[in-house]
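Just final.cif here, mmCIF, C-alpha atoms:
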```cif
data_my_file
loop_
_atom_site.label_atom_id
_atom_site.label_comp_id
_atom_site.auth_asym_id
_atom_site.auth_seq_id
_atom_site.Cartn_x
_atom_site.Cartn_y
_atom_site.Cartn_z
CA MET A 500 135.59 148.27 35.62
CA PRO A 501 133.50 148.73 38.78
CA ILE A 502 133.69 146.06 41.47
CA PRO A 503 130.31 144.33 41.83
CA ARG A 504 128.62 144.79 45.20
CA ILE A 505 127.64 141.66 47.12
CA ALA A 506 124.30 141.81 48.84
CA PRO A 507 124.38 141.26 52.63
CA ALA A 508 122.11 138.24 52.21
CA SER A 509 124.69 136.68 49.89
CA ILE A 510 127.42 137.26 52.45
CA LEU A 511 125.28 135.50 55.08
CA VAL A 512 124.64 132.53 52.78
CA THR A 513 128.35 132.27 51.98
CA ALA A 514 129.30 132.44 55.65
CA CYS A 515 126.83 129.70 56.50
CA THR A 516 128.16 127.57 53.63
CA VAL A 517 131.79 127.67 54.78
CA LEU A 518 131.04 126.98 58.45
CA PRO A 519 131.69 123.41 59.62
CA ALA A 520 128.73 121.05 59.44
CA GLY A 521 126.50 121.44 62.48
CA ALA A 522 127.78 124.91 63.34
CA GLY A 523 124.64 126.56 61.97
CA CYS A 524 124.33 130.29 61.33
CA LEU A 525 122.67 133.23 63.00
CA GLY A 526 119.79 133.15 60.52
CA ASN A 527 118.97 129.59 61.65
CA GLY A 528 119.42 130.28 65.35
CA MET A 529 116.74 131.20 67.87
CA THR A 530 115.75 134.72 68.74
CA ARG A 531 116.54 136.14 72.17
CA MET A 532 112.89 135.67 73.13
CA GLU A 533 112.92 132.03 71.99
CA MET A 534 116.12 131.37 73.95
CA ARG A 535 114.69 132.71 77.19
CA ALA A 536 111.41 130.82 76.68
CA ALA A 537 113.39 127.64 75.99
CA VAL A 538 115.42 127.99 79.20
CA GLN A 539 112.22 128.54 81.18
CA GLN A 540 110.72 125.41 79.60
CA VAL A 541 113.79 123.38 80.61
CA VAL A 542 113.67 124.76 84.16
CA GLU A 543 109.97 123.90 84.51
CA SER A 544 110.64 120.36 83.29
CA GLY A 545 113.44 120.12 85.87
CA GLN A 546 111.16 121.32 88.67
CA VAL A 547 108.58 118.64 87.82
CA GLN A 548 111.36 116.05 87.77
CA GLN A 549 112.29 117.22 91.27
CA LEU A 550 108.74 116.33 92.37
CA GLU A 551 109.06 112.91 90.71
CA ASN A 552 112.55 112.33 92.10
CA GLY A 553 111.34 113.19 95.60
CA ILE A 554 108.80 110.39 95.39
CA VAL A 555 111.38 108.00 93.94
CA GLU A 556 113.72 108.75 96.85
CA ILE A 557 110.96 108.20 99.42
CA THR A 558 109.86 104.93 97.83
CA THR A 559 113.34 103.47 97.46
CA ASP A 560 114.72 104.11 100.94
CA PHE A 561 115.33 100.39 101.30
CA THR A 562 117.75 97.71 100.13
CA ILE A 563 117.16 95.59 97.04
CA GLY A 564 116.86 92.44 99.16
CA ASP A 565 114.03 93.71 101.40
CA ALA A 566 110.65 91.95 101.38
CA VAL A 567 107.62 94.04 100.37
CA GLN A 568 106.38 94.17 103.97
CA GLN A 569 109.76 95.57 105.03
CA VAL A 570 109.53 98.09 102.19
CA ARG A 571 106.07 99.16 103.34
CA ASP A 572 107.31 99.53 106.92
CA ARG A 573 110.34 101.53 105.78
CA ILE A 574 108.23 103.92 103.70
CA ALA A 575 105.83 104.36 106.61
CA GLU A 576 108.80 105.09 108.86
CA VAL A 577 110.22 107.67 106.45
CA LEU A 578 106.84 109.40 106.24
CA ALA A 579 106.07 109.28 109.97
CA ALA A 580 106.31 113.08 110.07
CA CYS A 581 103.15 113.25 107.93
CA GLY A 582 100.47 112.25 110.39
CA GLN A 583 97.71 111.94 107.77
CA THR A 584 99.75 109.87 105.28
CA THR A 585 98.47 106.34 104.73
CA VAL A 586 100.84 103.57 103.56
CA THR A 587 99.06 100.34 102.66
CA ALA A 588 100.43 96.97 101.52
CA MET A 589 97.70 96.05 99.04
CA ASP A 590 99.07 92.56 98.32
CA ASP A 591 102.43 90.79 98.10
CA VAL A 592 103.91 93.27 95.61
CA SER A 593 101.73 96.40 95.72
CA ILE A 594 101.91 99.44 98.00
CA ARG A 595 99.70 102.54 98.06
CA ILE A 596 100.81 105.87 99.54
CA ASP A 597 98.03 108.37 100.17
CA PHE A 598 99.55 111.74 101.07
CA GLY A 599 96.14 113.24 101.76
CA PRO A 600 94.31 116.18 100.13
CA ALA A 601 95.92 119.29 98.69
CA SER A 602 94.29 121.30 101.49
CA ASP A 603 96.37 119.38 104.07
CA PRO A 604 99.60 118.27 102.34
CA CYS A 605 102.32 116.08 103.79
CA ALA A 606 105.45 118.09 104.62
CA PHE A 607 108.57 115.97 104.26
CA ASP A 608 112.23 116.84 103.73
CA GLY A 609 111.43 120.44 102.78
CA GLN A 610 108.74 119.45 100.25
CA LYS A 611 104.94 119.23 100.38
CA TYR A 612 103.03 116.31 98.86
CA SER A 613 99.38 115.50 98.27
CA GLY A 614 97.64 112.88 96.15
CA VAL A 615 98.15 109.15 95.73
CA VAL A 616 101.09 107.02 94.51
CA ASP A 617 100.62 103.31 93.74
CA LEU A 618 103.71 101.10 93.61
CA VAL A 619 104.22 97.63 92.14
CA ILE A 620 107.54 96.07 93.15
CA ALA A 621 109.41 93.20 91.51
CA ARG A 622 112.95 91.96 92.08
CA GLU A 623 115.26 89.51 90.42
CA GLY A 624 118.66 89.09 92.01
CA GLU A 625 120.37 92.47 92.16
CA VAL A 626 117.74 94.14 89.96
CA LEU A 627 114.73 95.89 91.52
CA THR A 628 111.84 97.28 89.43
CA VAL A 629 109.31 99.70 90.90
CA GLU A 630 106.32 100.81 88.84
CA HIS A 631 104.82 104.14 89.95
CA ASP A 632 101.31 105.34 89.17
CA TYR A 633 100.63 109.00 90.08
CA GLN A 634 97.10 110.16 90.81
CA ASP A 635 96.88 113.94 91.33
CA LEU A 636 100.32 113.92 92.97
CA SER A 637 101.14 117.54 93.79
CA ASN A 638 103.76 119.70 95.49
CA GLY A 639 101.44 122.71 95.59
CA THR A 640 102.78 124.10 92.29
CA TYR A 641 102.52 121.19 89.85
CA THR A 642 99.98 118.35 89.79
CA LEU A 643 101.14 115.12 88.17
CA ASN A 644 99.25 112.17 86.67
CA GLY A 645 100.71 109.21 84.82
CA ASP A 646 103.14 106.34 85.26
CA LYS A 647 106.84 105.69 85.61
CA THR A 648 108.91 102.50 85.70
CA VAL A 649 112.15 102.68 87.68
CA THR A 650 114.68 99.85 87.44
CA TRP A 651 117.48 99.79 90.00
CA THR A 652 120.67 97.80 89.49
CA SER A 653 123.39 97.50 92.10
CA GLU A 654 126.94 97.67 90.77
CA GLY A 655 128.56 96.97 94.10
CA GLY A 656 129.36 99.24 97.03
CA ASP A 657 127.48 102.56 96.90
CA ARG A 658 127.30 102.60 93.07
CA VAL A 659 123.74 102.15 91.75
CA VAL A 660 122.22 102.64 88.28
CA ARG A 661 118.61 103.79 87.91
CA ASP A 662 116.82 103.45 84.55
CA ILE A 663 113.59 105.45 84.22
CA VAL A 664 110.85 105.29 81.60
CA SER A 665 107.95 107.68 82.19
CA SER A 666 104.77 108.93 80.57
CA VAL A 667 103.15 111.67 82.62
CA GLY A 668 101.09 114.81 82.32
CA TRP A 669 101.17 117.80 84.61
CA THR A 670 99.38 121.05 85.20
CA GLY A 671 101.03 124.12 86.65
CA PRO A 672 101.25 127.92 86.42
CA ASN A 673 101.88 127.75 82.65
CA GLY A 674 99.13 125.28 81.78
CA PRO A 675 99.00 121.55 80.98
CA VAL A 676 101.91 119.53 79.57
CA GLU A 677 102.24 115.95 78.28
CA HIS A 678 105.71 114.48 78.84
CA THR A 679 107.62 111.28 78.04
CA SER A 680 111.20 110.39 78.85
CA GLU A 681 113.80 107.65 79.00
CA ARG A 682 116.93 108.25 81.02
CA THR A 683 119.67 106.51 82.99
CA MET A 684 120.88 107.93 86.30
CA THR A 685 124.17 106.68 87.76
CA PHE A 686 124.79 107.19 91.48
CA SER A 687 128.43 106.87 92.51
CA ASP A 688 127.32 107.48 96.13
CA PHE A 689 123.77 106.18 96.36
CA LEU A 690 123.59 106.73 100.12
CA GLY A 691 124.89 110.28 99.82
CA ALA A 692 122.90 113.43 100.57
CA PRO A 693 120.64 115.10 97.94
CA GLU A 694 123.63 117.34 97.15
CA ALA A 695 125.62 114.31 95.90
CA PRO A 696 126.06 114.54 92.09
CA ILE A 697 124.35 112.06 89.74
CA THR A 698 125.27 111.39 86.10
CA ILE A 699 122.30 111.34 83.67
CA ASP A 700 121.96 110.32 80.02
CA GLY A 701 118.78 110.07 77.96
CA GLY A 702 116.05 112.26 76.57
CA HIS A 703 112.76 114.05 77.17
CA ARG A 704 109.88 115.11 74.96
CA TRP A 705 107.00 117.30 76.04
CA THR A 706 104.02 118.95 74.36
CA ARG A 707 102.26 122.16 75.40
CA ASP A 708 99.48 123.83 73.40
CA GLY A 709 100.24 121.55 70.46
CA ASP A 710 103.93 122.51 70.39
CA THR A 711 106.57 119.81 70.94
CA TRP A 712 109.99 120.22 72.57
CA ASP A 713 112.77 117.60 72.37
CA LEU A 714 115.63 117.47 74.84
CA ASP A 715 118.72 115.25 74.44
CA VAL A 716 120.60 114.76 77.71
CA ASN A 717 124.34 114.15 77.34
CA ALA A 718 126.11 112.86 80.47
CA VAL A 719 125.04 115.79 82.62
CA GLU A 720 125.92 116.03 86.30
CA LEU A 721 122.88 116.90 88.41
CA ARG A 722 122.09 117.31 92.09
CA LEU A 723 118.55 116.39 93.15
CA VAL A 724 118.17 119.78 94.88
CA ASP A 725 118.71 121.74 91.62
CA PRO A 726 116.30 122.21 88.66
CA VAL A 727 119.14 122.12 86.09
CA PRO A 728 122.50 120.29 85.91
CA GLN A 729 125.76 121.76 87.17
CA ASP A 730 127.89 120.23 84.39
CA GLY A 731 127.47 118.62 80.96
CA SER A 732 125.11 119.66 78.15
CA TYR A 733 121.62 119.44 76.69
CA VAL A 734 120.64 119.67 73.03
CA LEU A 735 117.19 121.25 72.75
CA THR A 736 114.96 121.34 69.68
CA VAL A 737 112.17 123.90 69.97
CA PRO A 738 108.76 123.73 68.18
CA SER A 739 110.04 125.85 65.26
CA GLY A 740 112.62 123.13 64.54
CA ARG A 741 115.54 125.32 65.59
CA GLU A 742 118.20 123.69 67.74
CA GLY A 743 120.40 124.92 70.55
CA THR A 744 122.96 123.58 73.00
CA LEU A 745 122.74 124.36 76.71
CA SER A 746 125.90 123.91 78.80
CA PHE A 747 126.04 124.27 82.56
CA GLU A 748 128.48 125.56 85.15
CA ARG A 749 127.96 126.11 88.86
CA VAL A 750 128.36 129.72 90.02
CA ASP A 751 127.69 129.24 93.73
CA GLU A 752 125.66 126.97 96.01
CA ASP A 753 122.37 128.53 94.86
CA THR A 754 123.09 129.47 91.23
CA ILE A 755 124.00 127.69 87.99
CA ALA A 756 125.06 129.44 84.77
CA VAL A 757 123.32 128.12 81.65
CA ARG A 758 125.09 129.03 78.39
CA PHE A 759 122.75 128.78 75.40
CA GLN A 760 124.39 128.46 71.98
CA THR A 761 122.15 128.57 68.89
CA GLY A 762 123.46 129.30 65.40
CA LEU A 763 126.03 132.06 65.88
CA ARG A 764 124.18 133.49 68.86
CA SER A 765 125.23 132.79 72.45
CA ARG A 766 123.56 133.90 75.65
CA THR A 767 124.05 133.09 79.33
CA PHE A 768 121.31 132.79 81.95
CA HIS A 769 121.55 132.28 85.69
CA VAL A 770 119.15 129.74 87.21
CA THR A 771 118.61 129.58 90.98
CA ARG A 772 117.69 126.57 93.06
CA ALA A 773 114.15 128.01 93.31
CA GLY A 774 113.89 127.99 89.49
CA GLU A 775 114.25 131.73 88.87
CA VAL A 776 115.80 132.61 85.48
CA ASP A 777 117.84 135.81 85.09
CA ASP A 778 119.82 137.14 82.11
CA SER A 779 123.53 137.16 82.92
CA GLU A 780 125.09 138.51 79.74
CA GLY A 781 124.76 138.55 75.95
#
```

What do you get writing this file as structure tokens?
Amino acid sequence: MPIPRIAPASILVTACTVLPAGAGCLGNGMTRMEMRAAVQQVVESGQVQQLENGIVEITTDFTIGDAVQQVRDRIAEVLAACGQTTVTAMDDVSIRIDFGPASDPCAFDGQKYSGVVDLVIAREGEVLTVEHDYQDLSNGTYTLNGDKTVTWTSEGGDRVVRDIVSSVGWTGPNGPVEHTSERTMTFSDFLGAPEAPITIDGGHRWTRDGDTWDLDVNAVELRLVDPVPQDGSYVLTVPSGREGTLSFERVDEDTIAVRFQTGLRSRTFHVTRAGEVDDSEG
């Protein structure tokens, strides 16, 4: 009696059935093109966050107990290198920073800024809340509009927790994006250099050309100078509904390896500090 032949499709279905829950299968994973596009999307989101984080660092170079006038003076002092930058205390709790036009940006700490940031500051004990409103804020590559609420909590010593809720839109080389996020950043060395690692949990969602991307951030370790983490993992859901996990490992001072696992497919990309994405293997 001849042995019945099993169609390849049946083998694939069987293999997917016996895999542990959540493991997925190659048929449900992303294509190589989707994987690369997804990594580029994540890198772009990280570059925009670098712009936002730069402003957050400038506008929080003070202690939680400072009065608003002291905060205004400290911000003005930090930005003294930008001759055209205007820092105004609008009232007892509001500050406006005008970096000037895009044609004459403010150069500070290796970055260029133009546009306006309005701040509203409130404090209660060891908790400081700063509301940011961005009006055509730009670093020459991305232009940002929208709002962000940053809540700082001191946990003693140099340990500080920063909770961020944001709703912003940006335009850049790849067109307009609408973005929302909620995340918690824990600084074990708040007064450390931008290379000091920060732990981040939370999530992001952004929409481009009607397509929505969801990013779940799981205790990643990030340096403010890098567009992607150097440790930990992301879970990314792309517009097609397919899901992948991105894990991170530092290669050298300028490069981070991003391993993308989706279904049974795995691929590694190298991301530089400048945001360049190169295939490594796979």

Stretch 588-591 of chain A environment, 9 Å, all atoms listed in the file, sequence neighbours closer than 4 positions dropped, as a PyMOL selection string: chain A and resi 566-568+571+595+620

Picked residues, the PyMOL selection byres ((chain A and resi 684) around 8), as number ranges by chain: A: 660-663, 682-683, 685-686, 697-700

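Across the structure, atom CA of A:Cys605 and atom CA of A:Cys581 are spaced 5.1 Å apart.
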
For A:Arg772, the nearest of the candidates A:Thr711, A:Val542, A:Tyr733, A:Thr670, counting all atoms listed in the file: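 Checking each of A:Thr711, A:Val542, A:Tyr733, A:Thr670 against A:Arg772, counting all atoms listed in the file, the winner is A:Val542.
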
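Picture a line from atom CA of A:Ala601 to atom CA of A:Gly614; it runs 7.1 Å.
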
Best match for closeness to A:Gly702 among A:Asp572, A:Glu556, A:Glu681, A:Asp753, counting all atoms listed in the file: A:Glu681

Distance of atom CA of A:His769 from atom CA of A:Val757, expressed in Å to one decimal place: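 One can read the atom CA of A:Val757 to atom CA of A:His769 distance as 6.1 Å.
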
Minimum-distance residue to A:Arg722, chosen among A:Ser602, A:Gln539, A:Asn552, A:Ser544 (using all atoms listed in the file):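 Using all atoms listed in the file, A:Arg722 sits closest to A:Asn552.
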
Near A:Glu677, within 7 Å and counting all atoms listed in the file, which residues show up once chain neighbours fewer than 4 positions away are dropped, as an mmCIF file with C-alpha atoms, keeping the file's coordinate frame?
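The resulting file, around12.cif, is reproduced below:
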```
data_model
loop_
_atom_site.group_PDB
_atom_site.id
_atom_site.type_symbol
_atom_site.label_atom_id
_atom_site.label_comp_id
_atom_site.auth_asym_id
_atom_site.auth_seq_id
_atom_site.Cartn_x
_atom_site.Cartn_y
_atom_site.Cartn_z
ATOM 1 C CA VAL A 667 103.150 111.670 82.620
ATOM 2 C CA GLY A 668 101.090 114.810 82.320
ATOM 3 C CA TRP A 669 101.170 117.800 84.610
ATOM 4 C CA TRP A 705 107.000 117.300 76.040
ATOM 5 C CA THR A 706 104.020 118.950 74.360
ATOM 6 C CA ARG A 707 102.260 122.160 75.400
#
```

The PyMOL selection byres ((chain A and resi 645) around 9) applied to the shown file, residues as a PyMOL selection string: chain A and resi 631-635+643-644+646-647+665-669
